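In what follows, a single structure is set out as structure tokens and then discussed.
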Amino acid sequence: MIKKASLFISILIFVSFTLVNNFRELVIEKLENYRNNYPEKIYIQTDKPYYALGDDIWYSSYLVNGISHKASNTSNVVYVELINSKDSIVSKKQLCVTDLSVAGDFKLRKRWEPGNYTLRAYSNYMRNKEQDYFFQTNIPVLDTSKKNLTFNGDTSKNFEISKNSIKSNLEIGFYPEGGYLVDNIPSKIAIKVKGKNFKDDDVLEGVIKDSDNEIITTFKTYKFGLGLIKFTPETNKSYFASIIIKDDEVKYPLPKTLPSGYNLEISNNGKQIIVQLSSNTTLGLKNTFLVAHQRGNLIYENLQTQDTTSQRIRIDTKFLKDGVSNFTLFDSTGKPVCERLVYIDNPEDDVDVNISLDKSTPATRDKVTMKINLTDNINSPQYGNLSMSVTDINAINHDTKDENIKTYLLLNSDLRGKIEDPGYFFQKKGDYKRRYLLDLVMLTHGWRRFKWEELLYNTPNKNPKFKPEKGLYISGITTALKGSRKQISAATRLTIMQKNMHQESMQADANGRFRYGPYIFNDTIKAMLEARVKDFNSDHEKLNRFVDIGLNDQLKNSPPINKSIYNYIFNNIKDSTKLINYLEQTELKLKIDTEFSKTRTKLDEIVITAKNTSKEEEERNKEIREKTLYGNPNQRLDLSKNEDQRIYNVMDLINQLPTVVAFDDNISIRNQGQANILLDGQNVQVEDILFLTGDDVDFIDVLDGPRAAIFPNSANGVIAIYSRTGSFSSNQNVKRSPGITNFSVAGFYSTREFYAPNYSDEFENFSNYQDIRTTLHWEPKIVLNQASTEAEVSFYTSDVKSRYAIKIEGITHTGIPVYHLSTIEVD
């Protein structure tokens, strides 16, 4: 009988070893595939953390390889969206990233509603994963006329939390290291305390008791409600945390213990990671497999072949990169039984941002020149892309504990849930207290980027639904114009009508699909697409042109809004005085800008020759009357009067009309609901006009009330758009004859230039315009490379004497995120 049992165990061990060895090869293979098909990450730096209606959001978007944090070779196109508090996309930009970063901006319309807006960014390829992979941050948008606001963390409300409020709102989470408590194996349990009135610096004390009501150990939480307890669970016992509040005992049960299992204990002293593995199972640790990786990069693997119940491993961190690493222990069947996150902070990865100013204390309206460079831990120059904002500290809140590009790429983007005040852990290099608390953060957050079941057992999708985009594409379908009207493989030819005309051809596939591109351009261009049943040499045959061309929408539909992600407001704004200062300063600036704009308009009118004005206006009115079937509209936007408006898309143009709001797929007049839309007199849908720009539009009329009554289905009013040619159909194609169509192609968004006054100019310096900018300067792209290891940036100070924050963020060409915050005094 003993011999049979021994034989059975030997066979079991042999089979287990074979399975685990094959499993080891599977893990290594899948990790390599993951690296080759890496996810992407996006980070956006904005010039300010909050704004007011009428203000501008200036930003720089970084698109990187999600593993190495170097420039992504997968995509070049980024979509950035501004979402209001009602979960509607009020503005969307399509940007092209050619070297790590690209600049963008949003104009906050005065007629929009204030509230908690969200800035969301993603590539088309990122849409194959959950929205947790998107970049998203809250942007509070304020109304300058409302200053009685309530802010989270307002230090003016220094009140003590009552014991009763703690009792009623307290939540305590217990997180065993590795995942489980196992009988008779020493264990560590991280504690995370949360509560409506529980603040980051509050302390909670209590004891751990067993099912016999015996005290096992005490515990105490520290900053962020984090704490740690250590004890060895005993067989047939359960445990709970006991807290005494106003002489009442409040109990919180700990996770149940397992009679047998595995334990993974890790300590990180900065130079070494020490791993302690334990098991009380029948096989112990034999045939277990330990793997450690960082964002998919394998950093350690070990297949245990010895018959042992414990193992100690040391890993040198000298050659590891900064960021979150994942340690997973698999049992002999390939099941993950323990998991632990560890943060690596390698001093050799440190890169410093160095700035030098030509003036230590500049005066108002004074020119400031700064030089910027990057150096590593041995003072060697580094290269990369940076973006910089200079903002008034008395009006704009800045805190080194806030999220920045370094904390996002190395921490928040790789963890489940959001870490508040992530910058705290990076404020002091080599600080033991912060390293200890960061390790508790690792213990209380699960891995979200990496799902072993999905990685190991799901077949990689070689044809993802959302394709990577290298540029703009012109695509569509060719269909037989007669008979069955089925999709056919037609010959197609695209002509781009630029100064240097471009032409290329391709054959549509068997399903009639064709796609030209990728193209990279910023302006809207005119194009013509032709199709033939056979080829372009057979036009003598009557039916050769009988092809219908259907073009796909250029502007992709946005992903649905996931409201649960955006659940916090005014994050880390702990001084309401700064917000009040910002609102007052912004309100005054908007008034000054309005008055200055009126003055400038009057000067422009003086310059215009008055002799022919009335005649020109009459000719223009006659031209408009010939296009319209009604009298005067309620409102009109005439683009012939302002050529600068040609750069805007149609939604931005419509938003310039008072009482009209256009966003996402909705256009409403006085918030009455979806208005009836006409394009050259024809009823169309919102998606049918999105391709239009100021180059295409002649004028836009708004008809409301009785004026709209002549049109059917116009209870919510009419938006009547008239093109310059007057020949647009109800979609973006302009049909001329079978087998040919003309259309416009909207290019990538070209960001507006940040207004930077030049006070060396005598007129600008002595003008009566009061300069009270809260953003003194915005530099969206500073490029450092081998040819130019140092950048020089110049700007002029304003009329406000204050301290200004210089915030610089960016990424080196080797994938190291950098962050810098310093100040300059203007006297």
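Residues are referred to by chain and number: the chain letter is A, B, ... according to the order shown in the structure tokens, the number counts from 1 in that chain, and ligands are numbered separately from 1 in the order shown.
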Distance query Glu587 of chain A at most 9 Å, only C-alpha atoms, self and fewer than 5 positions along chain excluded, as JSON, numbers by chain:
{"A": [52, 143, 144, 145, 582, 592]}
Check: Looking only at the backbone, which of the residues in segment 607-738 of chain A does DSSP tag as helix (DSSP H, G or I), as number ranges by chain?
Finding: A: 607, 613-627, 639-641, 643-647, 650-655, 686-688, 705-708
Sort by chain and increasing residue number a table of all residues of segment 277-368 of chain A within 10 Å of segment 182-201 of chain A, each with its closest pair of atoms and their distance in Å to one decimal, counting only C-alpha atoms, and write it as a Markdown table.
```
| residue | atom | partner | partner_atom | distance |
| --- | --- | --- | --- | --- |
| A:Ser278 | CA | A:Ile185 | CA | 7.4 |
| A:Ser279 | CA | A:Ile185 | CA | 7.8 |
| A:Asn280 | CA | A:Ile185 | CA | 7.9 |
```
At a cut-off of 7 Å, using only C-alpha atoms, what residues contact Tyr51 of chain A? Leave out same-chain residues fewer than 2 positions from it and give the result as an mmCIF file with N, CA and C atoms, in the first residue's frame.
```cif
data_model
loop_
_atom_site.group_PDB
_atom_site.id
_atom_site.type_symbol
_atom_site.label_atom_id
_atom_site.label_comp_id
_atom_site.auth_asym_id
_atom_site.auth_seq_id
_atom_site.Cartn_x
_atom_site.Cartn_y
_atom_site.Cartn_z
ATOM 1 N N LEU A 53 -15.626 80.133 -17.560
ATOM 2 C CA LEU A 53 -16.272 80.290 -18.856
ATOM 3 C C LEU A 53 -15.695 81.506 -19.564
ATOM 4 N N ASP A 55 -12.681 81.396 -20.824
ATOM 5 C CA ASP A 55 -11.234 81.181 -20.771
ATOM 6 C C ASP A 55 -10.818 80.183 -21.852
ATOM 7 N N PRO A 140 -12.539 71.498 -13.506
ATOM 8 C CA PRO A 140 -13.597 72.376 -13.005
ATOM 9 C C PRO A 140 -13.695 73.646 -13.856
ATOM 10 N N VAL A 141 -14.898 73.949 -14.332
ATOM 11 C CA VAL A 141 -15.143 75.154 -15.118
ATOM 12 C C VAL A 141 -16.107 76.038 -14.326
ATOM 13 N N LEU A 142 -15.666 77.233 -13.977
ATOM 14 C CA LEU A 142 -16.376 78.095 -13.055
ATOM 15 C C LEU A 142 -17.076 79.241 -13.775
#
```
Using only C-alpha atoms, the shortest atom-to-atom distance to Thr586 of chain A among A:Gly417, A:Gly54, A:Gly694, A:Gly673 belongs to A:Gly54
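Between Leu776 of chain A and the residues A:Ala121, A:Val800, A:Leu410, A:Leu529, the shortest atom-to-atom distance, using only C-alpha atoms, involves A:Val800.
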One residue among A:Thr118, A:Gln311, A:Thr364, A:Ser723 is nearest to Gln136 of chain A when using only C-alpha atoms, and that residue is A:Thr118
For Ser640 of chain A, the closest of A:Tyr424, A:Phe699, A:Tyr125, A:Phe466 counting only C-alpha atoms is A:Phe699
message = Need the shell around segment 433-441 of chain A: protein/DNA/RNA residues with any atom at most 8 Å away, counting only C-alpha atoms. Skip same-chain ones fewer than 3 positions apart. Format as a count of residues only?
response = 14
Would you mind listing what lies within 7 Å of Thr478 of chain A as a tab-separated table (two decimals) with N, CA and C atoms, in the first residue's frame, with only C-alpha atoms counted and same-chain residues fewer than 2 positions away left out?
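What ended up in selection_29.tsv:
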```tsv
chain	number	residue	atom	x	y	z
A	476	GLY	N	-14.35	54.11	-48.28
A	476	GLY	CA	-15.75	53.98	-48.65
A	476	GLY	C	-16.03	52.67	-49.34
A	480	ALA	N	-22.70	48.75	-57.42
A	480	ALA	CA	-23.27	48.80	-58.77
A	480	ALA	C	-24.46	49.74	-58.79
A	487	GLN	N	-22.37	45.39	-53.84
A	487	GLN	CA	-21.03	45.97	-53.73
A	487	GLN	C	-20.11	45.25	-54.70
A	488	ILE	N	-19.34	46.04	-55.45
A	488	ILE	CA	-18.49	45.46	-56.49
A	488	ILE	C	-17.05	45.95	-56.33
A	490	ALA	N	-14.60	47.75	-57.79
A	490	ALA	CA	-14.44	48.73	-58.86
A	490	ALA	C	-13.05	49.35	-58.81
A	512	GLY	N	-16.15	45.66	-52.30
A	512	GLY	CA	-16.28	47.06	-52.70
A	512	GLY	C	-15.59	48.05	-51.79
A	513	ARG	N	-14.81	47.57	-50.83
A	513	ARG	CA	-14.17	48.48	-49.87
A	513	ARG	C	-12.86	49.02	-50.41
A	547	VAL	N	-21.31	53.30	-61.43
A	547	VAL	CA	-20.82	52.93	-60.10
A	547	VAL	C	-21.26	54.00	-59.11
A	548	ASP	N	-21.78	53.58	-57.97
A	548	ASP	CA	-22.14	54.51	-56.90
A	548	ASP	C	-21.03	54.48	-55.86
A	549	ILE	N	-20.59	55.67	-55.42
A	549	ILE	CA	-19.49	55.78	-54.46
A	549	ILE	C	-20.06	56.26	-53.13
A	550	GLY	N	-19.88	55.46	-52.11
A	550	GLY	CA	-20.30	55.85	-50.76
A	550	GLY	C	-19.08	56.09	-49.90
```
query: Do you know which residues are at most 12 Å from Asp827 of chain A counting only C-alpha atoms, after dropping those on the same chain fewer than 4 positions away, and could you put them as number ranges by chain?
result: A: 359-366, 797-804
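Of note, atom CA of Asp345 of chain A and atom CA of Lys230 of chain A are spaced 25.0 Å apart.
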